[in-house]
$ cat final26.csv   # CSV, C-alpha atoms
chain,number,residue,atom,x,y,z
A,11,MET,CA,-26.8,1.4,10.2
A,12,ASP,CA,-27.6,4.2,12.5
A,13,LYS,CA,-28.2,3.5,16.2
A,14,ILE,CA,-31.9,3.3,17.0
A,15,LEU,CA,-31.5,3.6,20.7
A,16,SER,CA,-28.9,5.4,22.8
A,17,ILE,CA,-28.7,4.5,26.5
A,18,ILE,CA,-26.9,6.8,29.0
A,19,TRP,CA,-26.1,4.6,31.9
A,20,ASN,CA,-25.1,6.3,35.1
A,21,VAL,CA,-22.9,3.6,36.5
A,22,THR,CA,-21.5,5.4,39.5
A,23,TYR,CA,-22.0,8.0,42.2
A,24,LYS,CA,-18.3,8.3,42.8
A,25,CYS,CA,-16.6,11.5,41.7
A,26,PRO,CA,-13.5,13.5,42.7
A,27,TRP,CA,-15.3,16.9,42.1
A,28,LYS,CA,-17.7,18.9,44.2
A,29,CYS,CA,-19.6,20.8,41.5
A,30,LYS,CA,-22.2,23.1,42.9
A,31,PHE,CA,-25.0,21.8,40.6
A,32,CYS,CA,-24.4,18.1,40.7
A,33,ILE,CA,-27.6,16.2,40.1
A,34,MET,CA,-26.1,12.8,40.9
A,35,ASP,CA,-25.3,13.6,44.5
A,36,ALA,CA,-21.9,12.2,43.9
A,37,GLY,CA,-19.4,11.6,46.6
A,38,SER,CA,-15.6,11.0,46.7
A,39,CYS,CA,-13.9,8.4,44.5
A,40,GLY,CA,-13.2,6.1,47.5
A,41,ALA,CA,-16.5,6.3,49.2
A,42,PRO,CA,-18.8,3.3,48.8
A,43,ASN,CA,-22.4,4.2,47.9
A,44,LYS,CA,-25.3,1.9,48.8
A,45,LYS,CA,-27.3,3.0,45.8
A,46,GLU,CA,-24.6,1.9,43.4
A,47,LEU,CA,-24.8,-1.5,41.8
A,48,SER,CA,-22.0,-4.0,42.3
A,49,LEU,CA,-19.7,-4.9,39.4
A,50,LYS,CA,-21.5,-8.3,39.3
A,51,GLU,CA,-24.9,-6.6,38.9
A,52,LYS,CA,-23.5,-4.2,36.2
A,53,LEU,CA,-22.1,-7.1,34.2
A,54,GLN,CA,-25.4,-8.9,34.4
A,55,ILE,CA,-27.1,-5.9,32.9
A,56,CYS,CA,-24.4,-5.9,30.2
A,57,ARG,CA,-25.2,-9.5,29.4
A,58,ASN,CA,-29.0,-8.7,29.3
A,59,ILE,CA,-28.6,-5.9,26.8
A,60,ASP,CA,-30.1,-7.5,23.7
A,61,ILE,CA,-31.2,-4.6,21.5
A,62,PRO,CA,-30.0,-4.3,18.0
A,63,ASN,CA,-28.3,-1.1,17.0
A,64,VAL,CA,-28.0,0.2,20.5
A,65,LYS,CA,-25.3,2.7,21.8
A,66,VAL,CA,-24.4,2.7,25.5
A,67,ASP,CA,-22.7,5.7,27.0
A,68,LEU,CA,-21.3,5.1,30.5
A,69,SER,CA,-21.6,8.2,32.8
A,70,GLY,CA,-22.0,8.9,36.4
A,71,GLY,CA,-20.4,10.5,38.7
A,72,GLU,CA,-17.0,9.8,37.3
A,73,VAL,CA,-16.7,6.6,35.4
A,74,MET,CA,-12.9,6.3,35.7
A,75,CYS,CA,-12.9,6.7,39.5
A,76,ASP,CA,-13.6,3.0,39.8
A,77,LYS,CA,-11.0,0.6,38.2
A,78,THR,CA,-13.7,-2.1,37.9
A,79,HIS,CA,-15.4,0.0,35.2
A,80,ARG,CA,-12.6,-1.1,32.9
A,81,THR,CA,-14.0,-4.6,33.2
A,82,LEU,CA,-17.5,-3.3,32.4
A,83,ILE,CA,-16.2,-1.2,29.4
A,84,ASN,CA,-14.3,-4.3,28.1
A,85,GLU,CA,-17.4,-6.5,28.4
A,86,LEU,CA,-19.7,-3.9,26.7
A,87,SER,CA,-17.2,-3.5,23.9
A,88,LYS,CA,-17.0,-7.3,23.4
A,89,LYS,CA,-20.8,-7.6,23.4
A,90,LEU,CA,-21.8,-4.6,21.4
A,91,GLY,CA,-18.7,-3.6,19.5
A,92,LYS,CA,-16.4,-0.7,20.0
A,93,ASN,CA,-18.6,1.6,17.8
A,94,SER,CA,-21.5,1.1,20.2
A,95,VAL,CA,-19.8,2.1,23.4
A,96,GLY,CA,-18.8,5.6,24.7
A,97,ILE,CA,-18.1,7.2,28.0
A,98,SER,CA,-18.9,10.6,29.5
A,99,THR,CA,-16.2,11.8,31.9
A,100,SER,CA,-14.5,14.8,33.4
A,101,GLY,CA,-11.2,13.5,32.2
A,102,SER,CA,-10.2,12.5,35.7
A,103,LYS,CA,-7.5,9.8,35.7
A,104,ILE,CA,-7.2,10.0,31.9
A,105,ASP,CA,-5.5,13.4,32.3
A,106,LYS,CA,-2.5,11.9,34.1
A,107,ASP,CA,-2.4,8.3,32.7
A,108,GLU,CA,-2.0,7.8,28.9
A,109,GLU,CA,-2.4,4.1,29.4
A,110,ILE,CA,-6.1,4.7,30.3
A,111,ALA,CA,-6.5,6.5,27.0
A,112,LYS,CA,-4.8,3.6,25.2
A,113,PHE,CA,-7.1,1.1,26.9
A,114,LEU,CA,-10.2,3.2,25.9
A,115,SER,CA,-8.9,3.5,22.3
A,116,THR,CA,-9.5,-0.2,21.6
A,117,ARG,CA,-12.9,-0.4,23.4
A,118,VAL,CA,-14.9,2.8,23.0
A,119,HIS,CA,-16.0,4.9,20.0
A,120,ASP,CA,-16.0,8.2,21.8
A,121,VAL,CA,-15.4,10.1,25.0
A,122,GLU,CA,-17.5,13.1,25.9
A,123,MET,CA,-16.3,15.7,28.5
A,124,THR,CA,-17.8,18.9,29.8
A,125,MET,CA,-15.6,22.0,29.6
A,126,ASP,CA,-17.4,25.1,30.8
A,127,ALA,CA,-14.3,27.4,30.6
A,128,ILE,CA,-10.8,27.2,29.2
A,129,PRO,CA,-8.1,25.9,31.6
A,130,GLY,CA,-6.9,28.7,33.9
A,131,VAL,CA,-10.2,30.6,33.8
A,132,HIS,CA,-12.3,30.5,37.0
A,133,TYR,CA,-15.8,29.2,36.6
A,134,CYS,CA,-17.9,29.6,39.7
A,135,TYR,CA,-19.8,26.3,39.5
A,136,ARG,CA,-16.7,24.0,39.2
A,137,GLU,CA,-13.4,23.6,41.0
A,138,ASP,CA,-10.5,25.4,39.3
A,139,ALA,CA,-8.7,22.2,38.3
A,140,TYR,CA,-11.8,20.7,36.6
A,141,HIS,CA,-11.1,22.4,33.2
A,142,GLU,CA,-7.4,21.8,33.3
A,143,THR,CA,-8.1,18.1,33.9
A,144,ALA,CA,-10.5,18.0,30.9
A,145,GLY,CA,-7.9,19.8,28.7
A,146,ASN,CA,-5.1,17.4,29.6
A,147,ALA,CA,-7.3,14.4,29.2
A,148,ALA,CA,-8.4,15.7,25.7
A,149,LYS,CA,-4.7,15.7,24.7
A,150,ASN,CA,-4.2,12.1,25.8
A,151,LEU,CA,-7.4,11.0,24.1
A,152,LYS,CA,-6.4,12.7,20.9
A,153,LYS,CA,-3.0,11.1,21.0
A,154,ALA,CA,-4.7,7.7,21.5
A,155,GLY,CA,-6.9,8.4,18.4
A,156,ILE,CA,-10.2,8.6,20.3
A,157,TYR,CA,-13.0,10.8,19.0
A,158,THR,CA,-13.5,13.3,21.8
A,159,GLY,CA,-16.3,15.7,22.2
A,160,LEU,CA,-16.2,18.8,24.5
A,161,GLN,CA,-19.5,20.2,25.7
A,162,THR,CA,-20.5,23.2,27.7
A,163,VAL,CA,-23.4,24.0,29.9
A,164,LEU,CA,-24.6,27.5,29.1
A,165,THR,CA,-25.3,29.7,32.1
A,166,ARG,CA,-25.7,33.4,32.8
A,167,GLU,CA,-22.0,33.5,33.8
A,168,HIS,CA,-21.0,32.6,30.2
A,169,MET,CA,-23.1,35.4,28.9
A,170,GLU,CA,-21.4,37.9,31.2
A,171,HIS,CA,-17.8,37.0,30.1
$ encode --input "final26.csv" --output "structure tokens"
Amino acid sequence: MDKILSIIWNVTYKCPWKCKFCIMDAGSCGAPNKKELSLKEKLQICRNIDIPNVKVDLSGGEVMCDKTHRTLINELSKKLGKNSVGISTSGSKIDKDEEIAKFLSTRVHDVEMTMDAIPGVHYCYREDAYHETAGNAAKNLKKAGIYTGLQTVLTREHMEH
């Protein structure tokens, strides 16, 4: 049966990037943020999700910046089933650690990443390593057998190149 509701849950304000257009006002991976829920609160929300045919996509900031999100991903997958859980990420951490991709392969249906330019091509709104990170993560995710979507944000800069 098709999902009748899709929830995009911004679980973190932590992020290793300093994108010029960030709407999350995200900070560094190590910095605590008073607006962010504790793991205990996040797990309580997970337990309270009682909607049939729902899909939950964890987003942020950068979901993989915080190792406790693995616990949240695990619990969501147990509660809703792997096919009802996804994450949106820059690929950070996944690009350098195949074990994270293997972990995700048993717990999430899909991983979505933004890739506004091919690796090695400068894009004025993102740090240069951003696209290389997504490209390397995509390779690790593919190797782990995870459906991976790459998205782009269309801007005037794309039209000029």
$ atom_distance --input "final26.csv" --atom1 "atom CA of Gly159 of chain A" --atom2 "atom CA of Ser102 of chain A"
15.2 Å
$ closest_residue --input "final26.csv" --among "A:Thr143, A:Thr158, A:Thr116, A:Asn93" --to "Arg80 of chain A" --atoms "all atoms listed in the file"
A:Thr116
$ atom_distance --input "final26.csv" --atom1 "atom CA of Gln54 of chain A" --atom2 "atom CA of Tyr23 of chain A"
18.9 Å
$ closest_atom_pairs --input "final26.csv" --of "segment 54-85 of chain A" --to "segment 32-49 of chain A" --cutoff "12 Å" --atoms "only C-alpha atoms" --output "Markdown table"
| residue | atom | partner | partner_atom | distance |
| --- | --- | --- | --- | --- |
| A:Gln54 | CA | A:Leu49 | CA | 8.6 |
| A:Ile55 | CA | A:Leu49 | CA | 9.9 |
| A:Cys56 | CA | A:Leu49 | CA | 10.4 |
| A:Ser69 | CA | A:Met34 | CA | 10.3 |
| A:Gly70 | CA | A:Met34 | CA | 7.2 |
| A:Gly71 | CA | A:Ala36 | CA | 5.7 |
| A:Glu72 | CA | A:Cys39 | CA | 8.0 |
| A:Val73 | CA | A:Cys39 | CA | 9.7 |
| A:Met74 | CA | A:Cys39 | CA | 9.1 |
| A:Cys75 | CA | A:Cys39 | CA | 5.4 |
| A:Asp76 | CA | A:Cys39 | CA | 7.2 |
| A:Lys77 | CA | A:Leu49 | CA | 10.4 |
| A:Thr78 | CA | A:Leu49 | CA | 6.8 |
| A:His79 | CA | A:Leu49 | CA | 7.8 |
| A:Arg80 | CA | A:Leu49 | CA | 10.3 |
| A:Thr81 | CA | A:Leu49 | CA | 8.4 |
| A:Leu82 | CA | A:Leu49 | CA | 7.5 |
| A:Ile83 | CA | A:Leu49 | CA | 11.2 |
| A:Glu85 | CA | A:Leu49 | CA | 11.4 |
$ closest_residue --input "final26.csv" --among "A:Val163, A:Val131, A:Val66, A:Ala144" --to "His119 of chain A" --atoms "all atoms listed in the file"
A:Val66
$ atom_distance --input "final26.csv" --atom1 "atom CA of Val21 of chain A" --atom2 "atom CA of Glu109 of chain A"
21.7 Å
$ residues_around --input "final26.csv" --residues "Ile97 of chain A" --least-positions-apart "5" --cutoff "8 Å" --atoms "only C-alpha atoms" --output "PyMOL selection string"
chain A and resi 67-69+73+118+120-122
$ closest_residue --input "final26.csv" --among "A:Ala154, A:Lys89, A:His141, A:Ile104" --to "Ile61 of chain A" --atoms "only C-alpha atoms"
A:Lys89
